[in-house]
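Below is one structure; the comments refer to it alone.
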Amino acid sequence: MNAWITCLYGILTRELLRFLHQRERFLGALVRPLVWLFIFAAGFRAALGISIIPPYETYITYETYIVPGLVAMIQLFNGMQSSLSMVYDREMGSMRILLSSPLPRWYLLVCKLLAGVAVSVLQAYAFLLIALAYGIELPAMGWVTVLPALIVNGLMLGALGMLLSSTIRQLENFAGVMNFVVFPLFFLSSALYPLYKMQESSELLYTLCRLNPFTHGVELIRHALYGQFSAEAALVVLGSLLLFMVLAIRGYSPTRGMTNRGPAAAAE
Amino acid sequence: MQTNNTQQDHGSAIPALSVESVSFGYGERQALSDVRFTAPAGRFTALLGPNGAGKTTLFALITRLHRAPSGRIAILGHDLATDPGAALARLGIVFQQPTLDLDLSVAQNLRYFAALHGIGRSEANRRLEEELSRLDMLERAGEKVRKLNGGHRRRVEIARALLHRPALLLLDEPTVGLDLPTRRRLIDHVHSLCRDEGIAALWATHLIDEIDPAADRVVVLHRGRIRDEGDVAEVMKRSGAPSLANAFDRLTAEAPREGAAA
């Protein structure tokens with residue numbers, strides 16, 4: 001087998017094994033969106049009426065509306081979890097084993113990213129199955145057409161996580177990521193409420209939501225779940241993926257990233 | 001990608017490792033200054049230096065975790081800056097800090113490493129059996145690393161570093177935290193790799209008793225500079241000392257310099 005494919009297979013296998021060994025991580029990833037679906041959505045159903053907006057062709061329940069947003073949320077948290085795990089690997093030393101492979105560093109990082117996406121896609125489908133059992137109906141074709149959207153969105157969020165991990169020096173600093181990255185990305189998006197609702201309350205917040213790449217990730221998944229394609233969302237997600245990836249690879253370059261950080265960095 | 005570097009490369013007169021005029025700093029702090037030395041094939045070379053000498057920084061440069069802004073590092077003639085793939089493919093590493101994944105088994109850790117070097121599963125299984133057998137660890141292959149003691153984990157790391165048949169083995173203070181018999185076993189094993197298989201080993205340490213005065217080479221590093229390099233007898237002779245410990249004391253007994261790093 002080609003060395004590059006062998007390497008990708010090895011990294012994928014390791015991530016999946018780690019994922020299987022950490023059952024609490026899998027449960028944790030599912031519990032968060034399920035709490036939103038079962039409790040938050042039930043409370044908001046009466047308060048928040050949803051007009052007919054694309055890709056929907058009829059009135060839908062609030063629970064149905066937020067399912068794509070919650071799928072994207074799973075991927076967002078998975079991207080951050082991967083980022084946390086890279087910071088941990090760097091502190092614990094196993095990152096050095098990855099980075100001292102003879103294959104190009106950019107390729108190793110892409111493999112790492114793909115492995116994280118594979119895990120997040122499994123989590124997303126597990127959530128969709130539970131949502132189906134709860135009574136959320138999706139077109140049969142949507143289960144297939146959503147896959148590319150999940151891969152692209154997962155790659156974008158994974159690349160963002162990788163970029164963050166290249167700038168975070170200590171595990172302790174990771175809490176700041178939740179406050180300054182995850183929450184703004186999630187709440188300033190169309191995950192929980194349609195953007196026209198946001199526009200009714202604040203033009204500024206609406207603009208911020210439109211600029212947020214996570215919004216476009218949510219919309220890409222929403223359209224794909226109903227067999228539709230949003231070109232605008234796809235372009236923004238792909239563009240953001242490219243930008244985050246280039247910056248992340250730059251952050252992990254031997255000439256950057258670990259320099260100017262004192263002798264302790266050498267031991268990381 | 002190569003999978004058997006040792007047999008291909010050991011016949012050559014090119015040094016396994018060549019470090020030429022390498023300097024490196026963390027911002028304003030100079031960690032290494034004009035470092036130059038070689039590690040010949042088939043020899044055990046001890047990189048001897050006290051804490052803070054720059055050994056770990058030097059290893060980070062040789063493993064390409066950092067890039068040296070000046071100078072040249074070559075592994076069997078392959079320049080690390082211009083041909084990193086070929087250079088790293090010939091390099092086996094045992095870092096000072098443990099780098100095994102505790103939640104995976106010994107075999108899973110080794111297969112993962114083999115994959116990073118492009119070695120497929122069946123060949124990886126064959127090699128891991130071979131390497132673990134040599135270190136009496138084959139019966140522990142299915143166990144999670146978390147269950148192993150420090151000495152066993154070190155043995156697994158050495159087996160891992162040899163999976164891709166490297167020509168140069170770097171070991172950064174690998175005996176830290178190990179008891180005396182385990183230390184001795186590891187040192188003997190690496191010596192036998194040099195003697196029997198022609199591997200070059202660069203063993204970073206600050207412990208004189210890990211060096212065999214009759215057979216090993218030493219490179220003395222102190223405050224980021226090479227103080228001497230050669231066979232033990234040569235270094236003793238040049239410093240006019242009756243023992244290596246005494247020579248080491250003389251070579252490192254200078255006034256502290258500002259800006260030293262680990």
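Residues are referred to by chain and number: the chain letter is A, B, ... according to the order shown in the structure tokens, the number counts from 1 in that chain, and ligands are numbered separately from 1 in the order shown.
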
Exercise: A:Leu238 partners within 12 Å, only C-alpha atoms, chain neighbours under 2 positions left out, as number ranges by chain
A: 148-149, 151-157, 159, 213-214, 216-217, 220, 231-236, 240-245

Write out as an MDAnalysis selection string the residues lying within 8 Å of stretch 5-14 of chain A, counting only C-alpha atoms and excluding same-chain residues fewer than 2 positions away.
(chainID A and resid 1:3 16:18 108 111:112 114:115 118) or (chainID B and resid 108 111:113 115:120)

Quick one: write out the picked residues with C-alpha atoms as a PDB file, in the first residue's frame?
ATOM      1  CA  MET A   1       0.000   0.000   0.000  1.00  0.00           C
ATOM      2  CA  ASN A   2       1.169   3.492  -0.749  1.00  0.00           C
ATOM      3  CA  ALA A   3       2.976   5.094   2.212  1.00  0.00           C
ATOM      4  CA  LEU A  16     -11.217   5.761  16.075  1.00  0.00           C
ATOM      5  CA  LEU A  17      -9.600   3.494  18.687  1.00  0.00           C
ATOM      6  CA  ARG A  18      -9.189   6.432  21.049  1.00  0.00           C
ATOM      7  CA  LEU A 108       0.116  14.737   8.572  1.00  0.00           C
ATOM      8  CA  CYS A 111      -4.712  13.246   8.020  1.00  0.00           C
ATOM      9  CA  LYS A 112      -5.273  14.312  11.615  1.00  0.00           C
ATOM     10  CA  LEU A 114      -9.727  13.816   8.379  1.00  0.00           C
ATOM     11  CA  ALA A 115      -9.573  11.458  11.361  1.00  0.00           C
ATOM     12  CA  ALA A 118     -14.629  10.748  10.667  1.00  0.00           C
TER      13      ALA A 118
ATOM     14  CA  GLN B 108      -1.537  -0.546  18.602  1.00  0.00           C
ATOM     15  CA  ARG B 111       1.350  -0.140  14.461  1.00  0.00           C
ATOM     16  CA  TYR B 112       0.435   3.551  14.585  1.00  0.00           C
ATOM     17  CA  PHE B 113       4.102   4.521  14.485  1.00  0.00           C
ATOM     18  CA  ALA B 115       1.927   3.640   9.656  1.00  0.00           C
ATOM     19  CA  LEU B 116       3.460   7.094  10.137  1.00  0.00           C
ATOM     20  CA  HIS B 117       6.513   5.662   8.365  1.00  0.00           C
ATOM     21  CA  GLY B 118       4.450   4.096   5.595  1.00  0.00           C
ATOM     22  CA  ILE B 119       4.843   0.494   6.828  1.00  0.00           C
ATOM     23  CA  GLY B 120       1.710  -1.559   6.151  1.00  0.00           C
TER      24      GLY B 120
END

Could you find all residues in stretch 119-209 of chain B that DSSP calls helix (DSSP H, G or I) from the backbone, and write them as a VMD selection string?
chain B and resid 121 to 134 138 to 140 145 to 147 150 to 162 180 to 197 208 to 209

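With only C-alpha atoms as the atoms that count, the residue of B:Pro213, B:Pro40, B:Gly224, B:Gly151 with the shortest distance to chain A is B:Gly224.
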
Output the contact residues of chain B with respect to chain A at a cut-off of 8 Å, based on only C-alpha atoms, as a ChimeraX atom specification.
/B:1,25-27,31,56-57,60,63-68,84-89,96-101,103-104,108,111-113,115-120,261-262

Within 8 Å of B:Leu244 using only C-alpha atoms, minus same-chain residues under 3 positions, as a list in words:
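Listing them by chain and then by number gives Ile208, Pro213, Val232, Val235, Met236, Ala241, Ala247 and Phe248 of chain B.
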
Requested write-out: N, CA and C atoms of the selected residues, as an mmCIF file, in the first residue's frame:
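Wrote it out as result_24.cif, contents follow:
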data_model
loop_
_atom_site.group_PDB
_atom_site.id
_atom_site.type_symbol
_atom_site.label_atom_id
_atom_site.label_comp_id
_atom_site.auth_asym_id
_atom_site.auth_seq_id
_atom_site.Cartn_x
_atom_site.Cartn_y
_atom_site.Cartn_z
ATOM 1 N N ILE B 208 27.823 10.153 33.869
ATOM 2 C CA ILE B 208 29.083 9.606 33.343
ATOM 3 C C ILE B 208 29.055 8.080 33.310
ATOM 4 N N PRO B 213 34.000 3.802 28.719
ATOM 5 C CA PRO B 213 35.218 4.538 28.347
ATOM 6 C C PRO B 213 36.030 3.838 27.260
ATOM 7 N N VAL B 232 36.664 8.611 24.228
ATOM 8 C CA VAL B 232 36.814 8.992 25.638
ATOM 9 C C VAL B 232 38.290 9.261 25.979
ATOM 10 N N VAL B 235 39.481 12.653 24.694
ATOM 11 C CA VAL B 235 38.939 13.779 25.462
ATOM 12 C C VAL B 235 39.670 13.902 26.797
ATOM 13 N N MET B 236 39.931 12.756 27.432
ATOM 14 C CA MET B 236 40.666 12.772 28.713
ATOM 15 C C MET B 236 42.071 13.330 28.504
ATOM 16 N N ALA B 241 42.980 15.067 32.130
ATOM 17 C CA ALA B 241 42.285 14.527 33.312
ATOM 18 C C ALA B 241 42.512 13.032 33.427
ATOM 19 N N ALA B 247 37.494 14.937 33.495
ATOM 20 C CA ALA B 247 37.541 15.740 32.268
ATOM 21 C C ALA B 247 36.242 16.524 32.099
ATOM 22 N N PHE B 248 35.141 15.881 32.383
ATOM 23 C CA PHE B 248 33.833 16.527 32.263
ATOM 24 C C PHE B 248 33.745 17.723 33.228
#

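From atom CA of B:Ser70 back to atom CA of B:Glu234, the distance works out to 29.1 Å.
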
I'd like the contact shell of B:Arg36 - 12 Å cut-off, only C-alpha atoms, skipping same-chain residues fewer than 4 positions apart - returned as a VMD selection string.
chain B and resid 17 to 23 32 58 70 to 74 219 to 221 224 to 229

Here is a test: counting only C-alpha atoms, which residue of A:Leu129, A:Leu122, A:Leu188, A:Ala42 is nearest to A:Phe26?
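Among A:Leu129, A:Leu122, A:Leu188, A:Ala42, it is A:Leu122 that comes nearest to A:Phe26.
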
Per DSSP on the backbone, what are the strand (DSSP E or B) residues of stretch 1-236 of chain B, as a PyMOL selection string?
chain B and resi 17-26+29-39+44-48+70-75+78-79+91-94+105+144+168-172+200-205+217-222+225-231

So which residues touch A:Glu137 within 10 Å, counting only C-alpha atoms, skipping near sequence neighbours fewer than 5 positions away, as an MDAnalysis selection string?
chainID A and resid 64 128 131:132

Writer output for current selection, N, CA, C and O atoms, as a short mmCIF file (atom, residue, chain, number, x, y, z; two decimals), in the first residue's frame:
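Result went into part_15.cif, see below:
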data_model
loop_
_atom_site.label_atom_id
_atom_site.label_comp_id
_atom_site.auth_asym_id
_atom_site.auth_seq_id
_atom_site.Cartn_x
_atom_site.Cartn_y
_atom_site.Cartn_z
N THR A 64 -37.76 20.49 14.58
CA THR A 64 -37.27 20.17 13.24
C THR A 64 -36.27 21.23 12.77
O THR A 64 -35.24 20.91 12.16
N LEU A 128 -28.70 11.97 14.59
CA LEU A 128 -29.82 11.99 13.65
C LEU A 128 -30.73 10.77 13.86
O LEU A 128 -31.95 10.88 13.74
N ALA A 131 -32.80 11.55 16.84
CA ALA A 131 -33.80 12.55 16.46
C ALA A 131 -34.94 11.89 15.67
O ALA A 131 -36.12 12.21 15.86
N LEU A 132 -34.58 10.93 14.81
CA LEU A 132 -35.60 10.20 14.04
C LEU A 132 -36.53 9.43 14.98
O LEU A 132 -37.75 9.47 14.85
#
